[in-house]
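*Asks:* Handing you this structure, nothing more for now.
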Protein chains: 2
Amino acid sequence: MNVTIRGRPRPYRTVGFDRKCNGVRLIEQRLLPHEFRTVLTPDHTATAAAIRDMIVRGAGAIGATAAYGLAQGVREFRGASLVRFDRHVERVFRTLKEARPTAVDPVNAMVQVRAAMAAGANVPERQALALEAAERFADEDVAHCRAIGEHGAPLIRAGMRVLTHCNAGWLAFVDIGSATAPLYAAQAAGRNFHVFCDETRPRCQGASLTAWELAQQGISHEVIADNAAGHLMQRGEIDLVIVGSDRILGRTGDAANKIGTYTKAVLAKHHGIPFYVAIPLSTIDWDLTRGSDIPIEERSAEEVLGAWGVTARGRREHVRIANPTSGARNPGFDVTPAPLITGIITPAGIFRPGGLWRSRARLGGPIR
Amino acid sequence: MNVTIRGRPRPYRTVGFDRKCNGVRLIEQRLLPHEFRTVLTPDHTATAAAIRDMIVRGAGAIGATAAYGLAQGVREFRGASLVRFDRHVERVFRTLKEARPTAVDPVNAMVQVRAAMAAGANVPERQALALEAAERFADEDVAHCRAIGEHGAPLIRAGMRVLTHCNAGWLAFVDIGSATAPLYAAQAAGRNFHVFCDETRPRCQGASLTAWELAQQGISHEVIADNAAGHLMQRGEIDLVIVGSDRILGRTGDAANKIGTYTKAVLAKHHGIPFYVAIPLSTIDWDLTRGSDIPIEERSAEEVLGAWGVTARGRREHVRIANPTSGARNPGFDVTPAPLITGIITPAGIFRPGGLWRSRARLGGPIR
């Protein structure tokens with residue numbers, strides 16, 4: 001998507017590769033929305049550090065970063081011995097995997113890159129195949145998001161007011177994003193609409209990342225406190241809700257996503273407002289049978305008790321908001337049961353949540 | 001309620017009067033929860049400034065402050081001329097009224113004080129009657145809150161997990177509070193329970209004021225992001241919701257309160273969890289006929305785009321959270337329709353929202 005620098009919009013991907021420097025180019029997301037800066041990681045350990053330290057975040061984005069990081073590490077190898085080369089590949093793989101040990105996308109991405117290398121007869125061939133595979137992975141991430149946009153765009157009619165939660169935007173993928181894809185596609189089709197961004201406490205990715213993205217693309221939007229969505233729905237000021245998901249159950253259609261998503265789904269149901277979840281196919285979990293089986297991460301209380309921001313003097317600061325002697329509960333995610341979901345927007349089309357299992361062959365699910 | 005200073009709990013009222021100094025004693029609420037300090041306003045203009053600058057806030061608390069402020073101003077008068085005295089009284093009245101021009105409680109309180117003075121034959125008698133009336137107003141505020149507590153306490157059974165929103169605590173009244181009154185009464189009756197405080201973005205009165213209050217009284221509690229209540233209800237971790245109200249319609253039972261209250265009411269209904277509103281009788285509006293007629297104040301976007309807190313170095317700072325080029329919508333209140341309200345806890349007992357009008361004679365409503 002575009003980033004406006006000195007008044008001129010320039011196209012950027014969240015993750016890219018510089019062949020000349022053998023470096024992975026990333027957007028320094030921790031500085032957003034207050035500063036836009038890109039970084040080039042000089043070697044695969046720096047790329048692993050960038051994943052670990054959350055310079056880059058979001059399922060699709062860290063998957064592509066790991067794929068490029070593996071290709072980068074593979075290209076660092078000097079010599080002709082395939083035995084020593086394979087040992088090197090495994091070390092690089094492990095280093096990148098351990099950067100975010102619970103994430104599944106980096107591993108899936110790197111497995112693809114490693115498998116593609118097998119066709120190479122010697123080190124240079126394998127190095128070339130690794131980078132090709134990483135580029136393909138990134139391009140496919142973009143193609144999937146573009147397809148989500150094509151299927152979802154007809155839902156966004158001119159004049160609509162759309163609510164979204166957290167950030168499932170291009171910053172979380174290589175480009176375009178999942179929940180944002182229908183918005184960008186509708187904009188490209190020339191339709192005007194307005195987006196309300198839930199600020200998404202406690203980490204405020206809606207207020208910071210999604211609002212920044214939409215501002216860069218010139219889409220009309222406003223930030224709201226998470227508390228305000230119900231009131232706006234009651235007054236008829238929200239026509240549609242689109243969110244992303246961290247894991248959707250292929251068997252039921254239950255969707256895990258950032259804390260607060262479930263609340264918005266209950267509100268949407270209460271007001272008869274359509275509630276859509278937009279995902280790439282890699283988000284579908286074909287194994288679990290019940291939404292309540294999805295483990296919910298309890299995150300640090302400090303996130304709730306304070307906030308990060310920038311002071312009037314431009315300094316990034318963490319401030320304590322809450323009473324200093326009080327603790328906090330901080331579930332990081334919640335699960336929206338399928339009956340509250342109108343439809344699931346995928347690169348293969350829009351499905352009823354209960355219809356994923358029936359269409360599992362088309363959606364990359366188990367064949368049995 | 002108690003405030004623990006140097007390890008020793010000491011009883012405090014939010015608003016009090018010092019006869020010797022002719023000063024109104026207030027808790028400097030803008031410093032809470034990070035610092036507890038009381039101030040003594042030396043004259044009625046300082047009292048008006050304290051109301052205007054929100055050293056004191058909350059319907060009951062500013063009502064009592066205005067009542068004391070009028071008595072204070074009346075006692076500042078030197079001379080024996082009743083004509084000049086009456087002119088002075090009107091000036092003081094106006095100064096205090098203009099401190100928060102849209103609030104109704106200060107005016108109602110001062111009308112009572114002024115009416116009580118009429119029985120005095122000379123200046124000293126009127127001065128004495130004014131202070132008596134102000135003291136009576138404050139004592140009645142406390143008595144009303146205590147009665148709310150007595151009626152509401154049986155709802156709080158041992159082991160319960162109670163959700164509350166914003167601050168309708170003793171800091172918003174002279175003592176005890178409205179939504180907090182049943183909690184304090186249940187605690188006094190020896191029952192243990194746990195309170196979840198919605199942080200209540202954008203101004204975070206739940207995280208700061210309510211959490212501070214509950215910590216001072218030794219009530220088990222945790223702060224949660226406003227986003228987390230739905231998830232906790234879904235997991236069966238909330239048994240009861242109690243909130244305050246800024247205005248309840250006597251004809252319908254619809255209740256206006258801090259933004260986000262309506263969302264919690266919809267969630268409670270969805271999960272079959274009782275949802276109570278606790279109010280003094282002065283909160284009932286007997287005139288309006290529809291909840292949607294209640295004007296909703298649109299507050300400054302800056303509240304949503306940032307947050308106030310204290311840095312690690314102990315400095316109070318405002319930080320910008322949101323994208324600097326984005327705007328925000330900030331409705332300050334919302335209206336919960338009567339069908340979502342289980343009961344209204346008043347000093348005269350608990351009523352079904354639809355039952356207020358039938359019981360209007362007992363509730364101070366119109367007699368016709």
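Residue names in the structure tokens use chain letters A, B, ... in the order shown, residue numbers from 1 in each chain, and ligand numbers from 1 in the order shown.
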Would you mind listing what lies within 7 Å of Ala67 in chain A as an MDAnalysis selection string, with only C-alpha atoms counted and same-chain residues fewer than 6 positions away left out?
*Replies:* chainID A and resid 106 109:110 113 134
*Asks:* Output all heavy atoms of each residue in that selection to a file, as a compact mmCIF listing (two decimals), in the first residue's frame.
*Replies:*
# COMPACT_ATOMS: atom_id res chain seq x y z
N PRO A 106 5.71 -18.52 10.73
CA PRO A 106 7.12 -18.60 10.31
C PRO A 106 7.53 -20.03 9.98
O PRO A 106 8.21 -20.27 8.97
CB PRO A 106 7.88 -18.08 11.55
CG PRO A 106 6.92 -17.15 12.21
CD PRO A 106 5.57 -17.80 12.02
N ALA A 109 6.01 -21.16 6.65
CA ALA A 109 6.67 -20.47 5.54
C ALA A 109 8.04 -21.08 5.28
O ALA A 109 8.41 -21.34 4.12
CB ALA A 109 6.79 -18.97 5.88
N MET A 110 8.79 -21.33 6.33
CA MET A 110 10.16 -21.83 6.15
C MET A 110 10.16 -23.28 5.66
O MET A 110 11.07 -23.68 4.92
CB MET A 110 10.94 -21.71 7.46
CG MET A 110 11.25 -20.25 7.80
SD MET A 110 12.50 -20.10 9.11
CE MET A 110 11.57 -20.73 10.52
N VAL A 113 10.02 -23.01 1.99
CA VAL A 113 11.30 -22.59 1.40
C VAL A 113 12.28 -23.77 1.41
O VAL A 113 12.96 -24.04 0.41
CB VAL A 113 11.86 -21.39 2.19
CG1 VAL A 113 13.28 -21.06 1.72
CG2 VAL A 113 10.94 -20.18 2.03
N ALA A 134 10.94 -17.93 -1.28
CA ALA A 134 10.56 -16.88 -0.33
C ALA A 134 9.77 -15.79 -1.05
O ALA A 134 8.73 -15.31 -0.55
CB ALA A 134 11.80 -16.29 0.35
*Asks:* Determine which residues of chain B sit within 6 Å of chain A, taking into account only C-alpha atoms, and present them as a PDB file with all heavy atoms, in the first residue's frame.
*Replies:*
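Okay, this is what ended up in part24.pdb:
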ATOM      1  N   PRO B  33      -5.401   8.480  40.989  1.00  0.00           N
ATOM      2  CA  PRO B  33      -5.109   7.629  42.139  1.00  0.00           C
ATOM      3  C   PRO B  33      -3.670   7.749  42.614  1.00  0.00           C
ATOM      4  O   PRO B  33      -3.260   7.021  43.504  1.00  0.00           O
ATOM      5  CB  PRO B  33      -5.327   6.235  41.546  1.00  0.00           C
ATOM      6  CG  PRO B  33      -4.855   6.370  40.133  1.00  0.00           C
ATOM      7  CD  PRO B  33      -5.253   7.760  39.709  1.00  0.00           C
ATOM      8  N   ALA B 207     -10.429   2.581  36.134  1.00  0.00           N
ATOM      9  CA  ALA B 207      -9.060   2.161  36.453  1.00  0.00           C
ATOM     10  C   ALA B 207      -8.445   3.044  37.522  1.00  0.00           C
ATOM     11  O   ALA B 207      -7.650   2.581  38.337  1.00  0.00           O
ATOM     12  CB  ALA B 207      -8.200   2.207  35.187  1.00  0.00           C
ATOM     13  N   SER B 208      -8.807   4.320  37.493  1.00  0.00           N
ATOM     14  CA  SER B 208      -8.169   5.233  38.440  1.00  0.00           C
ATOM     15  C   SER B 208      -9.008   5.365  39.708  1.00  0.00           C
ATOM     16  O   SER B 208      -8.583   4.924  40.778  1.00  0.00           O
ATOM     17  CB  SER B 208      -7.918   6.596  37.789  1.00  0.00           C
ATOM     18  OG  SER B 208      -9.111   7.116  37.234  1.00  0.00           O
ATOM     19  N   ALA B 211     -10.984   1.800  41.164  1.00  0.00           N
ATOM     20  CA  ALA B 211      -9.963   0.872  41.659  1.00  0.00           C
ATOM     21  C   ALA B 211      -9.302   1.437  42.917  1.00  0.00           C
ATOM     22  O   ALA B 211      -9.042   0.708  43.880  1.00  0.00           O
ATOM     23  CB  ALA B 211      -8.918   0.605  40.569  1.00  0.00           C
ATOM     24  N   TRP B 212      -9.062   2.735  42.947  1.00  0.00           N
ATOM     25  CA  TRP B 212      -8.458   3.367  44.129  1.00  0.00           C
ATOM     26  C   TRP B 212      -9.389   3.237  45.341  1.00  0.00           C
ATOM     27  O   TRP B 212      -8.958   2.841  46.425  1.00  0.00           O
ATOM     28  CB  TRP B 212      -8.158   4.844  43.837  1.00  0.00           C
ATOM     29  CG  TRP B 212      -7.538   5.567  44.992  1.00  0.00           C
ATOM     30  CD1 TRP B 212      -6.219   5.582  45.336  1.00  0.00           C
ATOM     31  CD2 TRP B 212      -8.221   6.360  45.968  1.00  0.00           C
ATOM     32  NE1 TRP B 212      -6.041   6.336  46.468  1.00  0.00           N
ATOM     33  CE2 TRP B 212      -7.248   6.829  46.871  1.00  0.00           C
ATOM     34  CE3 TRP B 212      -9.562   6.715  46.171  1.00  0.00           C
ATOM     35  CZ2 TRP B 212      -7.572   7.646  47.960  1.00  0.00           C
ATOM     36  CZ3 TRP B 212      -9.883   7.520  47.251  1.00  0.00           C
ATOM     37  CH2 TRP B 212      -8.894   7.980  48.135  1.00  0.00           C
ATOM     38  N   GLU B 222     -10.047  -6.245  40.405  1.00  0.00           N
ATOM     39  CA  GLU B 222      -9.076  -6.150  39.313  1.00  0.00           C
ATOM     40  C   GLU B 222      -9.628  -5.207  38.260  1.00  0.00           C
ATOM     41  O   GLU B 222     -10.836  -5.159  38.021  1.00  0.00           O
ATOM     42  CB  GLU B 222      -8.837  -7.527  38.670  1.00  0.00           C
ATOM     43  CG  GLU B 222      -7.977  -8.456  39.507  1.00  0.00           C
ATOM     44  CD  GLU B 222      -8.031  -9.890  39.000  1.00  0.00           C
ATOM     45  OE1 GLU B 222      -9.137 -10.439  38.905  1.00  0.00           O
ATOM     46  OE2 GLU B 222      -6.980 -10.445  38.711  1.00  0.00           O
ATOM     47  N   VAL B 223      -8.716  -4.487  37.617  1.00  0.00           N
ATOM     48  CA  VAL B 223      -9.076  -3.639  36.483  1.00  0.00           C
ATOM     49  C   VAL B 223      -9.110  -4.529  35.239  1.00  0.00           C
ATOM     50  O   VAL B 223      -8.314  -5.455  35.109  1.00  0.00           O
ATOM     51  CB  VAL B 223      -8.034  -2.513  36.306  1.00  0.00           C
ATOM     52  CG1 VAL B 223      -8.367  -1.642  35.097  1.00  0.00           C
ATOM     53  CG2 VAL B 223      -7.931  -1.677  37.572  1.00  0.00           C
ATOM     54  N   ILE B 224     -10.042  -4.266  34.325  1.00  0.00           N
ATOM     55  CA  ILE B 224     -10.031  -4.934  33.023  1.00  0.00           C
ATOM     56  C   ILE B 224     -10.191  -3.888  31.927  1.00  0.00           C
ATOM     57  O   ILE B 224     -10.773  -2.828  32.154  1.00  0.00           O
ATOM     58  CB  ILE B 224     -11.150  -6.001  32.877  1.00  0.00           C
ATOM     59  CG1 ILE B 224     -12.545  -5.389  33.100  1.00  0.00           C
ATOM     60  CG2 ILE B 224     -10.918  -7.170  33.816  1.00  0.00           C
ATOM     61  CD1 ILE B 224     -13.683  -6.352  32.754  1.00  0.00           C
ATOM     62  N   ASN B 227     -12.790  -3.971  26.731  1.00  0.00           N
ATOM     63  CA  ASN B 227     -12.940  -5.064  25.770  1.00  0.00           C
ATOM     64  C   ASN B 227     -13.093  -6.436  26.405  1.00  0.00           C
ATOM     65  O   ASN B 227     -13.500  -7.383  25.725  1.00  0.00           O
ATOM     66  CB  ASN B 227     -11.703  -5.118  24.863  1.00  0.00           C
ATOM     67  CG  ASN B 227     -11.783  -4.118  23.734  1.00  0.00           C
ATOM     68  OD1 ASN B 227     -12.859  -3.896  23.190  1.00  0.00           O
ATOM     69  ND2 ASN B 227     -10.663  -3.524  23.380  1.00  0.00           N
ATOM     70  N   ALA B 228     -12.699  -6.583  27.678  1.00  0.00           N
ATOM     71  CA  ALA B 228     -12.595  -7.927  28.265  1.00  0.00           C
ATOM     72  C   ALA B 228     -13.883  -8.417  28.923  1.00  0.00           C
ATOM     73  O   ALA B 228     -14.035  -9.621  29.176  1.00  0.00           O
ATOM     74  CB  ALA B 228     -11.450  -7.968  29.270  1.00  0.00           C
ATOM     75  N   GLY B 230     -16.956  -8.891  27.924  1.00  0.00           N
ATOM     76  CA  GLY B 230     -17.715  -9.896  27.172  1.00  0.00           C
ATOM     77  C   GLY B 230     -17.099 -11.276  27.311  1.00  0.00           C
ATOM     78  O   GLY B 230     -17.796 -12.269  27.548  1.00  0.00           O
ATOM     79  N   HIS B 231     -15.789 -11.351  27.161  1.00  0.00           N
ATOM     80  CA  HIS B 231     -15.078 -12.620  27.290  1.00  0.00           C
ATOM     81  C   HIS B 231     -15.273 -13.220  28.685  1.00  0.00           C
ATOM     82  O   HIS B 231     -15.540 -14.423  28.829  1.00  0.00           O
ATOM     83  CB  HIS B 231     -13.598 -12.381  27.013  1.00  0.00           C
ATOM     84  CG  HIS B 231     -12.714 -13.554  27.295  1.00  0.00           C
ATOM     85  ND1 HIS B 231     -12.723 -14.689  26.522  1.00  0.00           N
ATOM     86  CD2 HIS B 231     -11.805 -13.779  28.276  1.00  0.00           C
ATOM     87  CE1 HIS B 231     -11.845 -15.563  27.009  1.00  0.00           C
ATOM     88  NE2 HIS B 231     -11.290 -15.028  28.072  1.00  0.00           N
ATOM     89  N   ILE B 259     -20.382   6.415  28.671  1.00  0.00           N
ATOM     90  CA  ILE B 259     -20.260   5.644  27.436  1.00  0.00           C
ATOM     91  C   ILE B 259     -19.699   4.237  27.740  1.00  0.00           C
ATOM     92  O   ILE B 259     -18.745   4.101  28.497  1.00  0.00           O
ATOM     93  CB  ILE B 259     -19.377   6.407  26.399  1.00  0.00           C
ATOM     94  CG1 ILE B 259     -19.428   5.737  25.050  1.00  0.00           C
ATOM     95  CG2 ILE B 259     -17.952   6.576  26.885  1.00  0.00           C
ATOM     96  CD1 ILE B 259     -20.712   5.970  24.281  1.00  0.00           C
ATOM     97  N   GLY B 260     -20.330   3.239  27.146  1.00  0.00           N
ATOM     98  CA  GLY B 260     -19.911   1.849  27.387  1.00  0.00           C
ATOM     99  C   GLY B 260     -20.862   1.100  28.296  1.00  0.00           C
ATOM    100  O   GLY B 260     -20.871  -0.135  28.316  1.00  0.00           O
ATOM    101  N   THR B 263     -23.244  -1.034  26.215  1.00  0.00           N
ATOM    102  CA  THR B 263     -22.585  -2.257  25.733  1.00  0.00           C
ATOM    103  C   THR B 263     -22.601  -3.334  26.812  1.00  0.00           C
ATOM    104  O   THR B 263     -22.887  -4.508  26.522  1.00  0.00           O
ATOM    105  CB  THR B 263     -21.133  -1.932  25.316  1.00  0.00           C
ATOM    106  OG1 THR B 263     -21.157  -1.115  24.149  1.00  0.00           O
ATOM    107  CG2 THR B 263     -20.344  -3.191  25.032  1.00  0.00           C
ATOM    108  N   GLY B 309      -1.606   9.877  32.434  1.00  0.00           N
ATOM    109  CA  GLY B 309      -1.056   8.928  33.393  1.00  0.00           C
ATOM    110  C   GLY B 309       0.191   9.492  34.018  1.00  0.00           C
ATOM    111  O   GLY B 309       0.520  10.671  33.839  1.00  0.00           O
ATOM    112  N   VAL B 310       0.885   8.637  34.744  1.00  0.00           N
ATOM    113  CA  VAL B 310       2.088   9.054  35.448  1.00  0.00           C
ATOM    114  C   VAL B 310       3.262   8.250  34.900  1.00  0.00           C
ATOM    115  O   VAL B 310       3.177   7.029  34.768  1.00  0.00           O
ATOM    116  CB  VAL B 310       1.904   8.857  36.970  1.00  0.00           C
ATOM    117  CG1 VAL B 310       3.237   8.936  37.687  1.00  0.00           C
ATOM    118  CG2 VAL B 310       0.940   9.892  37.513  1.00  0.00           C
ATOM    119  N   THR B 311       4.342   8.923  34.565  1.00  0.00           N
ATOM    120  CA  THR B 311       5.508   8.236  34.002  1.00  0.00           C
ATOM    121  C   THR B 311       6.272   7.502  35.105  1.00  0.00           C
ATOM    122  O   THR B 311       6.005   7.693  36.295  1.00  0.00           O
ATOM    123  CB  THR B 311       6.476   9.239  33.343  1.00  0.00           C
ATOM    124  OG1 THR B 311       7.017  10.071  34.376  1.00  0.00           O
ATOM    125  CG2 THR B 311       5.775  10.097  32.310  1.00  0.00           C
ATOM    126  N   VAL B 319      -0.175  11.494  26.996  1.00  0.00           N
ATOM    127  CA  VAL B 319       0.505  10.930  25.831  1.00  0.00           C
ATOM    128  C   VAL B 319      -0.496  10.746  24.696  1.00  0.00           C
ATOM    129  O   VAL B 319      -1.675  10.434  24.919  1.00  0.00           O
ATOM    130  CB  VAL B 319       1.194   9.576  26.139  1.00  0.00           C
ATOM    131  CG1 VAL B 319       2.349   9.771  27.126  1.00  0.00           C
ATOM    132  CG2 VAL B 319       0.214   8.525  26.635  1.00  0.00           C
ATOM    133  N   ARG B 320      -0.006  10.975  23.484  1.00  0.00           N
ATOM    134  CA  ARG B 320      -0.813  10.723  22.291  1.00  0.00           C
ATOM    135  C   ARG B 320      -0.653   9.253  21.930  1.00  0.00           C
ATOM    136  O   ARG B 320       0.468   8.782  21.718  1.00  0.00           O
ATOM    137  CB  ARG B 320      -0.314  11.604  21.151  1.00  0.00           C
ATOM    138  CG  ARG B 320      -0.955  11.350  19.805  1.00  0.00           C
ATOM    139  CD  ARG B 320      -2.187  12.191  19.598  1.00  0.00           C
ATOM    140  NE  ARG B 320      -2.824  11.887  18.321  1.00  0.00           N
ATOM    141  CZ  ARG B 320      -3.730  12.656  17.730  1.00  0.00           C
ATOM    142  NH1 ARG B 320      -4.137  13.758  18.300  1.00  0.00           N
ATOM    143  NH2 ARG B 320      -4.270  12.307  16.589  1.00  0.00           N
ATOM    144  N   ILE B 321      -1.764   8.538  21.843  1.00  0.00           N
ATOM    145  CA  ILE B 321      -1.729   7.116  21.499  1.00  0.00           C
ATOM    146  C   ILE B 321      -1.993   6.938  20.009  1.00  0.00           C
ATOM    147  O   ILE B 321      -1.338   6.161  19.326  1.00  0.00           O
ATOM    148  CB  ILE B 321      -2.798   6.350  22.308  1.00  0.00           C
ATOM    149  CG1 ILE B 321      -2.464   6.364  23.799  1.00  0.00           C
ATOM    150  CG2 ILE B 321      -2.923   4.924  21.790  1.00  0.00           C
ATOM    151  CD1 ILE B 321      -3.600   5.863  24.674  1.00  0.00           C
ATOM    152  N   ALA B 322      -2.984   7.646  19.504  1.00  0.00           N
ATOM    153  CA  ALA B 322      -3.496   7.393  18.157  1.00  0.00           C
ATOM    154  C   ALA B 322      -2.617   8.040  17.086  1.00  0.00           C
ATOM    155  O   ALA B 322      -1.797   8.916  17.377  1.00  0.00           O
ATOM    156  CB  ALA B 322      -4.922   7.919  18.041  1.00  0.00           C
ATOM    157  N   ASN B 323      -2.829   7.599  15.859  1.00  0.00           N
ATOM    158  CA  ASN B 323      -2.188   8.210  14.699  1.00  0.00           C
ATOM    159  C   ASN B 323      -2.410   9.727  14.723  1.00  0.00           C
ATOM    160  O   ASN B 323      -3.552  10.184  14.820  1.00  0.00           O
ATOM    161  CB  ASN B 323      -2.804   7.610  13.431  1.00  0.00           C
ATOM    162  CG  ASN B 323      -2.284   8.278  12.186  1.00  0.00           C
ATOM    163  OD1 ASN B 323      -1.087   8.468  12.038  1.00  0.00           O
ATOM    164  ND2 ASN B 323      -3.192   8.642  11.299  1.00  0.00           N
ATOM    165  N   GLY B 327      -8.692  11.695  13.393  1.00  0.00           N
ATOM    166  CA  GLY B 327      -9.625  12.291  14.339  1.00  0.00           C
ATOM    167  C   GLY B 327     -10.354  11.222  15.120  1.00  0.00           C
ATOM    168  O   GLY B 327     -10.075  10.027  14.982  1.00  0.00           O
ATOM    169  N   ALA B 328     -11.295  11.638  15.963  1.00  0.00           N
ATOM    170  CA  ALA B 328     -12.032  10.673  16.781  1.00  0.00           C
ATOM    171  C   ALA B 328     -13.449  11.153  17.022  1.00  0.00           C
ATOM    172  O   ALA B 328     -13.724  12.348  17.019  1.00  0.00           O
ATOM    173  CB  ALA B 328     -11.334  10.460  18.120  1.00  0.00           C
ATOM    174  N   ARG B 329     -14.361  10.199  17.202  1.00  0.00           N
ATOM    175  CA  ARG B 329     -15.698  10.481  17.742  1.00  0.00           C
ATOM    176  C   ARG B 329     -15.634  10.181  19.224  1.00  0.00           C
ATOM    177  O   ARG B 329     -15.011   9.194  19.634  1.00  0.00           O
ATOM    178  CB  ARG B 329     -16.731   9.536  17.095  1.00  0.00           C
ATOM    179  CG  ARG B 329     -17.229   9.971  15.737  1.00  0.00           C
ATOM    180  CD  ARG B 329     -18.190  11.166  15.802  1.00  0.00           C
ATOM    181  NE  ARG B 329     -19.397  10.893  16.548  1.00  0.00           N
ATOM    182  CZ  ARG B 329     -20.473  10.294  16.045  1.00  0.00           C
ATOM    183  NH1 ARG B 329     -20.494   9.935  14.787  1.00  0.00           N
ATOM    184  NH2 ARG B 329     -21.527  10.079  16.810  1.00  0.00           N
ATOM    185  N   ASP B 334     -24.134   7.080  27.027  1.00  0.00           N
ATOM    186  CA  ASP B 334     -25.076   6.345  26.191  1.00  0.00           C
ATOM    187  C   ASP B 334     -26.319   6.036  27.014  1.00  0.00           C
ATOM    188  O   ASP B 334     -26.356   6.302  28.221  1.00  0.00           O
ATOM    189  CB  ASP B 334     -24.436   5.097  25.564  1.00  0.00           C
ATOM    190  CG  ASP B 334     -23.882   4.108  26.578  1.00  0.00           C
ATOM    191  OD1 ASP B 334     -24.389   4.057  27.726  1.00  0.00           O
ATOM    192  OD2 ASP B 334     -22.944   3.370  26.213  1.00  0.00           O
TER     193      ASP B 334
END
*Asks:* Skipping near chain neighbours, those fewer than 2 positions away, what residues fall within 8 Å of range 151-155 of chain A using only C-alpha atoms, listed as a list in words?
*Replies:*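 Surrounding residues, per the criterion: Ala147, Ile148, Gly149, Arg157, Ala181, Pro182, Leu183, Ala185, Ala186, Ile345, Thr346, Pro347, Ala348, Gly349 and Ile350 of chain A.
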*Asks:* Give me every helix (DSSP H, G or I) residue in range 147-312 of chain B, going by DSSP on the backbone, as JSON, numbers by chain.
*Replies:* {"B": [147, 148, 149, 150, 151, 152, 153, 154, 155, 170, 171, 172, 181, 182, 183, 184, 185, 186, 187, 188, 205, 206, 207, 208, 209, 210, 211, 212, 213, 214, 215, 216, 217, 226, 227, 228, 229, 230, 231, 232, 233, 234, 261, 262, 263, 264, 265, 266, 267, 268, 269, 270, 271, 281, 282, 283, 291, 292, 293, 301, 302, 303, 304, 305]}
*Asks:* Please measure the separation of CA of Asp86 in chain A and CA of Ala118 in chain A, giving the value in Å to one decimal.
*Replies:*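 Going from CA of Asp86 in chain A over to CA of Ala118 in chain A covers 10.1 Å.
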*Asks:* Measuring atom to atom with only C-alpha atoms, identify which of B:Val56, B:Ala143, B:Leu240, B:Ile248 is nearest to Ala172 in chain B.
*Replies:*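 Among B:Val56, B:Ala143, B:Leu240, B:Ile248, it is B:Val56 that comes nearest to Ala172 in chain B.
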*Asks:* Could you list, as a PyMOL selection string, every residue within 6 Å of Thr164 in chain B, counting only C-alpha atoms and ignoring same-chain residues fewer than 2 positions away?
*Replies:* chain B and resi 197+241-243
*Asks:* Mind checking DSSP for range 22-205 of chain B and telling me the strand (DSSP E) residues as a list in words?
*Replies:* Gly23, Val24, Arg25, Leu26, Ile27, Thr38, Val39, Leu40, Thr41, Arg161, Val162, Leu163, Thr164, His194, Val195, Phe196, Cys197 and Asp198 of chain B
*Asks:* What separation in Å, quoted to one decimal, exists between CA of Asp285 in chain A and CA of Thr14 in chain A?
*Replies:*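 These two atoms are separated by 25.1 Å.
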*Asks:* Can you pull out every residue within 8 Å of Asp239 in chain B, counting only C-alpha atoms, but drop anything in the same chain fewer than 4 positions away, and send it as a list of chain:residue names?
*Replies:*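 The residues that qualify are B:Met160, B:Arg161, B:Val162, B:Leu163, B:Met233, B:Ile273, B:Pro274.
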*Asks:* Point out the residue among A:Ala64, A:Val195, A:Met117, A:Leu363 with the least atom-to-atom distance to Asp139 in chain A, counting only C-alpha atoms.
*Replies:*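 Of all the options, A:Ala64 lies closest to Asp139 in chain A.
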